[in-house]
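Shown here: start.cif, mmCIF, C-alpha atoms.
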```cif
data_model
#
loop_
_atom_site.label_atom_id
_atom_site.label_comp_id
_atom_site.auth_asym_id
_atom_site.auth_seq_id
_atom_site.Cartn_x
_atom_site.Cartn_y
_atom_site.Cartn_z
CA MET A 277 2.72 31.37 -16.70
CA MET A 278 3.00 27.62 -16.70
CA LYS A 279 2.11 25.72 -13.59
CA LYS A 280 5.03 24.56 -11.49
CA THR A 281 4.08 20.96 -12.16
CA HIS A 282 4.78 21.29 -15.86
CA PHE A 283 8.43 21.86 -15.00
CA ILE A 284 8.70 18.54 -13.17
CA PHE A 285 8.71 16.69 -16.44
CA TRP A 286 10.91 19.31 -18.08
CA ARG A 287 13.59 18.48 -15.51
CA VAL A 288 13.30 14.85 -16.60
CA VAL A 289 13.53 15.67 -20.30
CA PRO A 290 15.61 18.86 -20.42
CA GLY A 291 15.42 21.22 -23.35
CA VAL A 292 11.91 20.24 -24.44
CA ALA A 293 9.79 23.19 -25.44
CA SER A 294 6.80 21.63 -27.05
CA ALA A 295 3.18 22.64 -27.13
CA ALA A 296 2.45 18.94 -26.73
CA VAL A 297 3.25 19.18 -23.04
CA LEU A 298 0.64 21.88 -22.66
CA VAL A 299 -1.91 19.86 -24.58
CA LEU A 300 -1.30 16.64 -22.72
CA GLY A 301 -0.71 18.04 -19.23
CA LEU A 302 0.40 16.01 -16.27
CA PHE A 303 -2.73 15.24 -14.47
CA PHE A 304 -4.70 12.29 -15.68
CA PHE A 305 -5.02 10.97 -12.18
CA PHE A 306 -7.00 13.95 -10.98
CA ARG A 307 -9.07 14.80 -14.04
CA ALA A 308 -9.63 11.78 -16.23
CA LYS A 309 -11.94 8.96 -15.23
CA PRO A 310 -10.55 5.51 -15.96
CA PRO A 311 -12.46 3.14 -18.21
CA LYS A 312 -14.64 0.57 -16.52
CA THR A 313 -12.29 -2.15 -17.75
CA VAL A 314 -9.73 -1.32 -15.05
CA PRO A 315 -9.30 -4.42 -12.84
CA ASP A 316 -9.97 -4.45 -9.11
CA LEU A 317 -6.92 -3.29 -7.16
CA HIS A 318 -7.46 -6.09 -4.65
CA HIS A 319 -5.69 -8.28 -7.21
CA TYR A 320 -2.49 -6.24 -6.91
CA LYS A 321 -0.01 -8.99 -6.05
CA SER A 322 2.39 -6.92 -3.96
CA LEU A 323 -0.39 -5.81 -1.62
CA ARG A 324 -1.41 -9.41 -1.04
CA THR A 325 2.21 -10.39 -0.36
CA LEU A 326 2.52 -7.54 2.13
CA SER A 327 -0.73 -8.61 3.79
CA VAL A 328 0.66 -12.12 4.27
CA ALA A 329 3.89 -10.70 5.69
CA LEU A 330 1.92 -8.60 8.18
CA ILE A 331 -0.14 -11.60 9.25
CA LEU A 332 2.98 -13.72 9.74
CA ALA A 333 4.63 -10.86 11.61
CA GLU A 334 1.75 -11.04 14.08
CA LYS A 335 1.90 -14.85 14.21
CA PRO A 336 5.42 -15.95 13.21
CA ASP A 337 4.93 -19.47 14.56
CA ALA A 338 1.75 -20.10 12.54
CA VAL A 339 1.31 -23.60 11.13
CA SER A 340 -2.13 -23.34 9.52
CA VAL A 341 -4.47 -20.79 7.96
CA CYS A 342 -8.24 -20.98 7.52
CA PHE A 343 -9.87 -18.81 4.84
CA ALA A 344 -13.31 -18.52 6.39
CA ASP A 345 -15.15 -16.89 3.49
CA GLU A 346 -14.82 -16.05 -0.19
CA GLY A 347 -13.23 -12.65 0.41
CA ALA A 348 -10.49 -14.21 2.52
CA GLU A 349 -9.69 -16.63 -0.30
CA SER A 350 -8.08 -13.74 -2.21
CA LEU A 351 -5.00 -14.25 -0.02
CA ARG A 352 -4.64 -17.99 -0.63
CA ASP A 353 -2.18 -17.73 -3.53
CA ALA A 354 -0.01 -15.27 -1.59
CA PHE A 355 0.18 -17.76 1.29
CA ALA A 356 1.27 -20.62 -0.99
CA PRO A 357 5.06 -20.03 -0.63
CA THR A 358 4.84 -20.14 3.17
CA GLY A 359 4.40 -23.90 3.34
CA LEU A 360 1.60 -23.53 5.90
CA THR A 361 -1.45 -25.80 5.89
CA LEU A 362 -4.23 -23.91 4.10
CA THR A 363 -7.89 -24.74 4.73
CA ASN A 364 -11.23 -23.28 3.68
CA ALA A 365 -14.60 -22.38 5.18
CA THR A 366 -15.70 -26.01 5.45
CA TYR A 367 -12.86 -26.88 7.83
CA GLU A 368 -14.11 -27.16 11.41
CA GLY A 369 -10.79 -27.66 13.21
CA HIS A 370 -8.50 -25.13 14.87
CA CYS A 371 -6.03 -22.99 12.93
CA SER A 372 -3.23 -20.64 13.91
CA VAL A 373 -4.69 -17.95 11.66
CA VAL A 374 -8.34 -17.47 10.71
CA VAL A 375 -8.98 -14.93 7.95
CA PHE A 376 -12.40 -13.51 7.07
CA SER A 377 -13.81 -10.49 5.24
CA ASN A 378 -17.53 -10.36 6.04
CA THR A 379 -19.32 -10.09 9.37
CA PRO A 380 -20.35 -13.65 10.24
CA ARG A 381 -23.82 -14.69 11.32
CA GLU A 382 -22.33 -16.41 14.35
CA TRP A 383 -19.15 -14.97 15.82
CA SER A 384 -18.74 -17.96 18.11
CA ARG A 385 -18.47 -20.35 15.16
CA LEU A 386 -15.70 -18.19 13.68
CA THR A 387 -13.74 -17.60 16.87
CA SER A 388 -13.96 -21.26 17.85
CA ARG A 389 -11.71 -22.06 14.89
CA VAL A 390 -8.88 -19.90 16.27
CA ALA A 391 -6.31 -22.08 18.00
CA ASP A 392 -5.02 -21.19 21.44
CA SER A 393 -2.74 -18.13 21.06
CA GLY A 394 -3.87 -17.87 17.43
CA ILE A 395 -4.99 -14.73 15.60
CA LEU A 396 -8.16 -13.60 13.88
CA VAL A 397 -7.71 -11.45 10.76
CA ARG A 398 -10.37 -9.33 9.12
CA VAL A 399 -9.65 -8.21 5.56
CA ILE A 400 -11.27 -4.79 5.12
CA ASP A 401 -12.17 -3.20 1.81
CA ALA A 402 -12.32 0.44 2.91
CA GLN A 403 -13.29 1.90 -0.46
CA ASN A 404 -16.62 3.70 -0.01
CA LEU A 405 -16.79 2.39 3.57
CA LYS A 406 -18.83 4.71 5.79
CA ARG A 407 -17.36 5.85 9.09
CA ASP A 408 -20.24 4.35 11.08
CA ALA A 409 -19.77 1.03 9.33
CA PHE A 410 -16.06 1.09 10.12
CA ARG A 411 -16.79 1.93 13.74
CA ASN A 412 -19.06 -1.11 13.85
CA ILE A 413 -16.32 -3.29 12.36
CA LEU A 414 -13.97 -2.23 15.14
CA SER A 415 -16.50 -2.45 17.96
CA ASP A 416 -17.87 -5.83 16.82
CA PHE A 417 -14.46 -7.44 16.52
CA PRO A 418 -14.56 -10.21 19.13
CA PHE A 419 -10.97 -9.82 20.35
CA ARG A 420 -10.26 -6.48 22.01
CA SER A 421 -6.52 -6.81 21.58
CA PHE A 422 -6.05 -5.88 17.94
CA HIS A 423 -3.91 -3.82 15.57
CA LEU A 424 -5.01 -2.00 12.43
CA TRP A 425 -2.68 -2.20 9.43
CA MET A 426 -3.07 -0.27 6.16
CA PRO A 427 -0.97 -1.94 3.46
CA GLY A 428 -3.00 -0.18 0.75
CA GLU A 429 -5.02 2.99 0.54
CA TYR A 430 -8.24 1.00 0.91
CA ASP A 431 -6.91 -2.49 1.68
CA TRP A 432 -6.69 -2.80 5.45
CA LEU A 433 -6.20 -5.60 7.94
CA LEU A 434 -7.56 -5.89 11.46
CA ILE A 435 -5.47 -8.47 13.32
CA GLY A 436 -6.44 -9.49 16.83
CA ARG A 437 -5.91 -12.10 19.50
CA GLU A 438 -7.83 -13.12 22.57
CA ARG A 439 -5.09 -12.06 24.97
CA PRO A 440 -2.45 -9.38 24.44
CA CYS A 441 1.10 -10.61 24.09
CA LYS A 442 4.50 -9.27 23.17
CA LEU A 443 5.83 -10.22 19.77
CA LYS A 444 9.55 -10.74 19.31
CA LEU A 445 11.37 -8.48 16.90
CA GLU A 446 13.85 -11.31 16.47
CA ALA A 447 11.06 -13.40 14.92
CA LEU A 448 10.47 -10.67 12.32
CA PHE A 449 14.11 -10.80 11.27
CA ASP A 450 13.78 -14.58 11.00
CA LEU A 451 10.73 -14.08 8.78
CA PHE A 452 12.77 -12.07 6.29
CA ALA A 453 15.54 -14.67 6.39
CA ASP A 454 13.14 -17.50 5.51
CA ASP A 455 14.20 -18.97 2.15
CA ARG A 456 10.59 -19.87 1.32
CA LEU A 457 9.51 -16.23 1.53
CA PHE A 458 12.58 -14.37 0.34
CA GLU A 459 11.67 -14.28 -3.34
CA SER A 460 8.06 -13.16 -2.90
CA LEU A 461 9.00 -10.56 -0.27
CA ALA A 462 11.73 -9.15 -2.51
CA ALA A 463 9.34 -9.03 -5.47
CA ALA A 464 6.96 -6.97 -3.32
CA GLY A 465 9.76 -4.55 -2.41
CA LEU A 466 10.05 -5.78 1.18
CA SER A 467 13.65 -6.04 2.33
CA ASP A 468 13.55 -5.85 6.14
CA PRO A 469 11.07 -5.71 9.08
CA ALA A 470 11.06 -1.91 9.09
CA ASP A 471 9.19 -2.00 5.77
CA LEU A 472 6.20 -3.56 7.51
CA PHE A 473 5.71 -0.73 9.96
CA ALA A 474 4.91 1.86 7.31
CA SER A 475 1.48 0.20 7.32
CA TYR A 476 0.93 0.21 11.07
CA ALA A 477 -1.97 2.46 12.15
CA GLY A 478 -2.39 1.54 15.81
CA THR A 479 -4.49 -0.10 18.50
CA TRP A 480 -8.09 0.67 19.43
CA GLU A 481 -6.88 3.16 22.04
CA GLU A 482 -4.94 5.01 19.36
CA LEU A 483 -7.76 4.86 16.81
CA LYS A 484 -10.84 5.76 18.79
CA ASP A 485 -10.08 9.50 18.93
CA ALA A 486 -10.63 9.62 15.17
CA PHE A 487 -14.32 9.02 15.83
CA ALA A 488 -14.59 11.99 18.20
CA VAL A 489 -15.69 14.24 15.33
CA GLU A 490 -19.09 13.19 14.07
CA SER A 491 -19.20 12.49 10.36
CA THR A 492 -21.36 10.43 8.06
CA GLY A 493 -18.86 10.46 5.22
CA THR A 494 -16.64 7.69 3.94
CA VAL A 495 -13.66 6.57 5.94
CA LEU A 496 -10.27 7.76 4.69
CA PRO A 497 -6.86 6.39 5.71
CA GLU A 498 -5.57 9.79 6.79
CA ASN A 499 -8.38 9.97 9.37
CA PHE A 500 -6.78 7.10 11.26
CA VAL A 501 -3.09 7.71 10.71
CA THR A 502 -2.18 10.25 13.33
CA ARG A 503 0.44 12.91 12.87
CA ASP A 504 2.29 11.40 15.82
CA ILE A 505 4.09 8.15 15.09
CA PRO A 506 2.34 5.38 17.07
CA ALA A 507 4.34 3.58 19.73
CA ILE A 508 4.95 -0.15 19.38
CA PRO A 509 5.09 -1.34 23.00
CA TRP A 510 3.88 -4.79 22.02
CA LEU A 511 7.16 -5.53 20.20
CA SER A 512 9.90 -7.08 22.33
CA ASP A 513 13.51 -6.33 21.44
CA ASP A 514 15.00 -9.03 23.66
CA GLY A 515 18.04 -10.65 22.08
CA ILE A 516 18.58 -7.89 19.50
CA GLU A 517 22.00 -6.26 19.33
CA PRO A 518 21.85 -2.55 20.28
CA ASP A 519 23.16 -1.31 16.92
CA ILE A 520 20.69 -3.48 14.99
CA LEU A 521 17.86 -2.30 17.23
CA GLU A 522 18.82 1.33 16.70
CA ASP A 523 18.88 0.83 12.93
CA PHE A 524 15.47 -0.85 13.01
CA ARG A 525 13.87 1.92 15.05
CA ARG A 526 15.32 4.60 12.81
CA GLU A 527 14.23 2.84 9.62
CA ALA A 528 10.76 2.00 10.94
CA ARG A 529 10.19 5.61 11.90
CA SER A 530 11.47 6.76 8.51
CA ARG A 531 9.00 4.43 6.75
CA GLN A 532 6.16 5.82 8.85
CA VAL A 533 7.15 9.40 8.06
CA VAL A 534 7.14 8.55 4.35
CA ARG A 535 3.68 6.99 4.66
CA ARG A 536 2.44 10.28 6.07
CA LEU A 537 3.88 12.04 3.02
CA VAL A 538 1.96 9.65 0.77
CA LEU A 539 -1.24 10.35 2.68
CA LYS A 540 -0.54 14.08 2.51
CA GLY A 541 -0.45 13.67 -1.26
CA CYS A 542 -3.75 11.80 -1.17
CA MET A 543 -5.34 14.60 0.84
CA SER A 544 -4.01 17.21 -1.59
CA ALA A 545 -5.36 15.23 -4.53
CA ARG A 546 -8.82 15.07 -2.99
CA ARG A 547 -8.75 18.84 -2.52
CA GLY A 548 -7.72 19.34 -6.13
CA ASP A 549 -4.25 20.59 -5.18
CA GLU A 550 -2.34 18.92 -8.01
CA ASP A 551 1.01 20.55 -7.30
CA GLY A 552 0.83 19.67 -3.62
CA ALA A 553 -0.05 16.05 -4.36
CA LEU A 554 2.83 15.51 -6.76
CA ASP A 555 5.27 17.31 -4.48
CA ALA A 556 4.32 15.01 -1.59
CA TRP A 557 4.38 11.81 -3.66
CA SER A 558 7.69 12.59 -5.35
CA ALA A 559 9.22 13.44 -1.95
CA ALA A 560 7.92 10.13 -0.60
CA TRP A 561 9.42 8.25 -3.54
CA ARG A 562 12.83 9.84 -2.95
CA ARG A 563 12.81 8.75 0.70
CA ASN A 564 11.26 5.30 0.28
CA PRO A 565 10.58 4.14 -3.28
CA GLY A 566 9.18 0.89 -1.89
CA ASP A 567 6.25 2.35 0.08
CA SER A 568 3.33 0.01 -0.62
CA MET A 569 0.68 2.71 -0.80
CA LEU A 570 2.77 4.77 -3.21
CA LEU A 571 3.47 1.70 -5.37
CA GLU A 572 -0.25 0.94 -5.37
CA ARG A 573 -0.94 4.42 -6.74
CA LEU A 574 1.67 3.96 -9.47
CA TYR A 575 0.19 0.55 -10.24
CA ARG A 576 -3.24 2.12 -10.61
CA LEU A 577 -1.84 4.67 -13.06
CA ALA A 578 -0.10 1.92 -15.06
CA VAL A 579 -3.29 -0.14 -15.25
CA ASN A 580 -5.27 2.90 -16.36
CA ALA A 581 -2.66 3.78 -18.98
CA ARG A 582 -2.95 0.31 -20.50
CA ALA A 583 -6.74 0.47 -20.37
CA PHE A 584 -6.79 3.87 -22.09
CA THR A 585 -4.41 2.62 -24.76
CA LYS A 586 -6.59 -0.42 -25.36
CA VAL A 587 -9.68 1.72 -26.02
CA GLY A 588 -7.72 4.20 -28.16
CA ASN A 589 -7.63 7.10 -25.69
CA LEU A 590 -3.96 7.93 -26.18
CA ARG A 591 -4.21 11.34 -24.55
CA GLY A 592 -5.53 9.76 -21.38
CA ALA A 593 -2.72 7.19 -21.49
CA ALA A 594 -0.12 9.94 -21.99
CA LYS A 595 -1.39 11.81 -18.95
CA CYS A 596 -1.05 8.63 -16.88
CA TYR A 597 2.55 8.20 -17.95
CA GLU A 598 3.38 11.85 -17.29
CA THR A 599 2.05 11.64 -13.75
CA MET A 600 4.01 8.44 -13.13
CA ILE A 601 7.19 10.10 -14.42
CA ALA A 602 6.59 13.15 -12.24
CA ILE A 603 6.49 10.86 -9.19
CA ARG A 604 9.21 8.41 -10.27
CA PRO A 605 11.38 10.08 -12.94
CA THR A 606 13.84 7.20 -13.38
CA ASP A 607 11.34 4.50 -14.39
CA ILE A 608 12.78 3.32 -17.71
CA PRO A 609 9.83 1.08 -18.80
CA VAL A 610 7.40 3.95 -18.16
CA LEU A 611 9.57 6.37 -20.12
CA LYS A 612 9.63 3.94 -23.05
CA ALA A 613 5.87 3.37 -22.88
CA TYR A 614 5.33 7.13 -22.79
CA ALA A 615 7.56 7.56 -25.84
CA GLU A 616 5.53 4.95 -27.76
CA CYS A 617 2.37 6.78 -26.80
CA LEU A 618 3.81 10.10 -28.00
CA ILE A 619 4.78 8.57 -31.34
CA ALA A 620 1.24 7.30 -31.78
CA LEU A 621 0.03 10.84 -31.04
CA GLY A 622 2.34 12.26 -33.69
CA GLN A 623 4.69 13.89 -31.17
CA ARG A 624 7.90 12.30 -32.45
CA PRO A 625 10.36 15.08 -31.41
CA LEU A 626 9.22 14.85 -27.80
CA ALA A 627 9.23 11.05 -27.99
CA GLU A 628 12.86 11.11 -29.12
CA LYS A 629 13.80 13.24 -26.13
CA VAL A 630 12.03 10.82 -23.80
CA LEU A 631 13.78 7.83 -25.38
CA GLU A 632 17.09 9.64 -25.08
CA ARG A 633 16.42 10.08 -21.37
CA ALA A 634 15.56 6.37 -21.01
CA GLN A 635 18.76 5.42 -22.85
CA THR A 636 20.84 7.63 -20.57
CA LEU A 637 19.32 6.00 -17.50
CA ALA A 638 19.84 2.50 -18.90
CA PHE A 639 23.47 3.13 -19.91
CA PRO A 640 24.72 6.01 -17.74
CA GLY A 641 28.34 5.66 -18.86
CA ARG A 642 27.65 6.13 -22.54
CA GLU A 643 27.74 9.39 -24.40
#
```
Let me see whether you can do it: turn the structure in this file into structure tokens.
Amino acid sequence: MMKKTHFIFWRVVPGVASAAVLVLGLFFFFRAKPPKTVPDLHHYKSLRTLSVALILAEKPDAVSVCFADEGAESLRDAFAPTGLTLTNATYEGHCSVVVFSNTPREWSRLTSRVADSGILVRVIDAQNLKRDAFRNILSDFPFRSFHLWMPGEYDWLLIGRERPCKLKLEALFDLFADDRLFESLAAAGLSDPADLFASYAGTWEELKDAFAVESTGTVLPENFVTRDIPAIPWLSDDGIEPDILEDFRREARSRQVVRRLVLKGCMSARRGDEDGALDAWSAAWRRNPGDSMLLERLYRLAVNARAFTKVGNLRGAAKCYETMIAIRPTDIPVLKAYAECLIALGQRPLAEKVLERAQTLAFPGRE
């Protein structure tokens, strides 16, 4: 009997009964190793845009940003539309936001650059990061009032300030109404403040229980995203109309629930449960197609598909496209790319069915 997952694509392209599906399968992501030519995911533009939005959400009145080391410089281009003053590691003055990625030799030199009421931001690459090392990152952070954000599966932000304060929800709505940022936020799939809170993991008090179980393994996002939705007591709703506030709370919670579905898929994938992973990811896409961690995963598959095609591994590329379609079945460019791949593999009948599906999606009113 065929696996349930094979039928996911059959629902997308009805009536296909081809041995090619059996040969190609759906599961490149789990079984095929990408070529070494795949670029670093830290260059994924939408993640950098989201990171900037999260930083500005924590400091909406920022006027300047200091990129204190080379790793922090990766966010410079994403900050360009903000109109803020951008400085580098040689700048010795005070800034509203100081961004760094590596533990400094002298914390005092770094913290002295943070302006009064400013924020300190650590960019964390969590890929292959050991739990003990992550614990040290949290415990060494000089400001004890901090929040952990997870815009990507392994791209995290630690944002702290010297003294706790309440941030105004009204300022977040203003952020999304800023003409300078509208285009880049929209391009990253960010439409309102609720989108930001999918990435919120919590405060130190909410995170420290994750270290209760001793482990020497690598840190995983699901270890620090609790099943319970974290409270956001540091966000003030003064001045917000009750109906708008209710909508925000409902949407923010919905985004956080979806993020847990994405992480459930990640956990299933690591266990080798292919059906469970795709079920969770496709359910997440139906509820919030703009989830940053889900889009990052689709981006990774797209990059790998192009890399496989470039080196002539068309079967690997086809498996990438099939997994993407299983998660997001209405992606017309992916359907077309998959059809081209099938033609190159000599599977023209199946390719024609895929193109027919893409045509139907592009022009739903046509016969």
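Across the structure, atom CA of Pro440 of chain A and atom CA of Pro497 of chain A are spaced 24.9 Å apart.
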Quick one: everything within 10 Å of Ala477 of chain A, counting all atoms listed in the file, minus sequence neighbours fewer than 5 positions away in the same chain. Send it as a ChimeraX atom specification. /A:423-427,432,482-483,497-498,500-502,505-507,532
Could those residues be written to a file, using C-alpha atoms, as an mmCIF file, in the coordinates of the input?
```
data_model
loop_
_atom_site.group_PDB
_atom_site.id
_atom_site.type_symbol
_atom_site.label_atom_id
_atom_site.label_comp_id
_atom_site.auth_asym_id
_atom_site.auth_seq_id
_atom_site.Cartn_x
_atom_site.Cartn_y
_atom_site.Cartn_z
ATOM 1 C CA HIS A 423 -3.910 -3.820 15.570
ATOM 2 C CA LEU A 424 -5.010 -2.000 12.430
ATOM 3 C CA TRP A 425 -2.680 -2.200 9.430
ATOM 4 C CA MET A 426 -3.070 -0.270 6.160
ATOM 5 C CA PRO A 427 -0.970 -1.940 3.460
ATOM 6 C CA TRP A 432 -6.690 -2.800 5.450
ATOM 7 C CA GLU A 482 -4.940 5.010 19.360
ATOM 8 C CA LEU A 483 -7.760 4.860 16.810
ATOM 9 C CA PRO A 497 -6.860 6.390 5.710
ATOM 10 C CA GLU A 498 -5.570 9.790 6.790
ATOM 11 C CA PHE A 500 -6.780 7.100 11.260
ATOM 12 C CA VAL A 501 -3.090 7.710 10.710
ATOM 13 C CA THR A 502 -2.180 10.250 13.330
ATOM 14 C CA ILE A 505 4.090 8.150 15.090
ATOM 15 C CA PRO A 506 2.340 5.380 17.070
ATOM 16 C CA ALA A 507 4.340 3.580 19.730
ATOM 17 C CA GLN A 532 6.160 5.820 8.850
#
```
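Excluding Cys371 of chain A itself and same-chain residues fewer than 5 positions from it, the residues having an atom within 7 Å of it are A:Ser340, A:Val341, A:Cys342, A:Arg389, A:Val390, A:Ala391, counting all atoms listed in the file.
Counting from atom CA of Pro357 of chain A, the distance to atom CA of Leu457 of chain A is 6.2 Å.
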Once the PyMOL selection byres ((chain A and resi 356) around 12) has been applied to the shown file, what residues remain in the selection, as a ChimeraX atom specification? /A:324-325,328,340-341,349-355,357-363,456-457,460
Find the residues near Lys406 of chain A: any atom within 6 Å, counting only C-alpha atoms, skip ones fewer than 5 places away on the same chain, and give them as a VMD selection string. chain A and resid 493 to 495
Which polymer residues have any atom within 9 Å of an atom of Ser568 of chain A, counting only C-alpha atoms, with same-chain residues fewer than 6 positions away left out, as a CSV table (one decimal) with C-alpha atoms, in the coordinates of the input?
```csv
chain,number,residue,atom,x,y,z
A,322,SER,CA,2.4,-6.9,-4.0
A,323,LEU,CA,-0.4,-5.8,-1.6
A,326,LEU,CA,2.5,-7.5,2.1
A,427,PRO,CA,-1.0,-1.9,3.5
A,428,GLY,CA,-3.0,-0.2,0.8
A,429,GLU,CA,-5.0,3.0,0.5
A,464,ALA,CA,7.0,-7.0,-3.3
A,465,GLY,CA,9.8,-4.6,-2.4
A,471,ASP,CA,9.2,-2.0,5.8
A,474,ALA,CA,4.9,1.9,7.3
A,475,SER,CA,1.5,0.2,7.3
A,535,ARG,CA,3.7,7.0,4.7
```
Please give the centre and size of the box around segment 412-417 of chain A (axis-aligned, containing every atom listed in the file, 8 Å added per side), with values in Å to one decimal and written as lines of an AutoDock Vina configuration file.
```
center_x = -16.5
center_y = -4.3
center_z = 15.2
size_x = 21.1
size_y = 22.3
size_z = 21.6
```
Using the chain letters and numbering of this document, enumerate as a PyMOL selection string the residues selected by the PyMOL selection byres ((chain A and resi 516-530) around 12). chain A and resi 444-450+467-476+504-508+511-515+531-537+560+562-564+567
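One finds atom CA of Ala462 of chain A at 27.0 Å from atom CA of Glu598 of chain A.
Using all atoms listed in the file, the nearest neighbour of Leu443 of chain A within the list A:Trp510, A:Phe422, A:Trp383, A:Phe410 is A:Trp510.
By chain and then residue number, the residues within 9 Å of segment 630-632 of chain A are Val288, Val289, Ile608, Leu611, Lys612, Tyr614, Ala615, Pro625, Leu626, Ala627, Gln635, Thr636 and Leu637 of chain A, counting all atoms listed in the file and disregarding those fewer than 3 positions away in sequence.
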